[in-house]
Structures are given as C-alpha cells and as structure tokens.
Amino acid sequence: MSQTEGFIGSESPTNMTEKTIDLDQHRGMAAQKATDLRRLLTEVEANEKALRLQQEELEAHLLAAPAANWREAAEKARYLLNLFAVSLAAEDPRRQKLIAAVIDDFERLARE
C-alpha cells in the first residue's frame, strides 16, 4: 500500500464507505443513557431560553401602552394571574379556585 492510498485526492481507490455508522449502537447502555440525558437536557435548556425570550417580548408589548379597553386590561390581568397560578404561593386550592373564577369572569364579560 502506498503512502497516498486511501486518502482523498489520491489516484488509488479508497476503502471508505458512504454508509454512516451509528456510534450509539457501539456503546454500553449506561453511556447511551448518559448521552440521551445530555441531549435532552440541552434541548430543555434551549426551550427554556426561547420561552424566556418570548415572555420578555410579550411583557414588553404589554407594558408598551395602557390598555385601550376592558378586554385588553383583562388580557393583561389574565397573563399575570396565570403567572401567579404556577407559583408556590398559588398552590392553595382556594387561590386556584379564585384565579379560575376571575379568569372565567373576564371571559364572560368580554363576550358581553
């Protein structure tokens, strides 16, 4: 075998194949699980970052101008209530019922 055989640009045919190799199949289960976990964690972090950016954009929009009518005011209040609803302070079932009732009131009054 010559020194250039098998290299790209050599005049001799190469022993390479176009078929890709799935390296995950050649590792043990623990290594595969660790890799899957790292990939999933990276994806979750990217999604959280995208969500934070969207929330910042929405909040900037909500702050840009005062509500023009009751419906817009209700939408702003609904956003804040939903943020509060997922907080630890809102875990009390009575508060959950109150939040749901206020949001229902907003929806009902907006239709009138």
# chains A, B, ... in the order shown; residues from 1 in each chain; ligands from 1
>>> select_by_dssp(residues="chain A", states="helix (DSSP H, G or I)", output="PyMOL selection string")
chain A and resi 23-26+29-64+70-85+88-90+93-111
>>> residues_around(residues="Pro66 (chain A)", least_positions_apart="6", cutoff="12 Å", atoms="only C-alpha atoms", output="list in words")
Ala60, Glu72, Ala73, Ala74, Glu75 and Lys76 of chain A
>>> residues_around(residues="region 77-89 of chain A", least_positions_apart="3", cutoff="9 Å", atoms="only C-alpha atoms", output="JSON, numbers by chain")
{"A": [72, 73, 74, 92, 95, 96, 99, 102, 103, 106]}
>>> closest_residue(among="A:Arg94, A:Trp70, A:Glu56, A:Ala30", to="Glu112 (chain A)", atoms="only C-alpha atoms")
A:Trp70
>>> atom_distance(atom1="CA of Met29 (chain A)", atom2="CA of Thr42 (chain A)")
19.8 Å
>>> atom_distance(atom1="CA of Leu40 (chain A)", atom2="CA of Ala90 (chain A)")
29.3 Å
>>> atom_distance(atom1="CA of Arg108 (chain A)", atom2="CA of Arg71 (chain A)")
10.7 Å
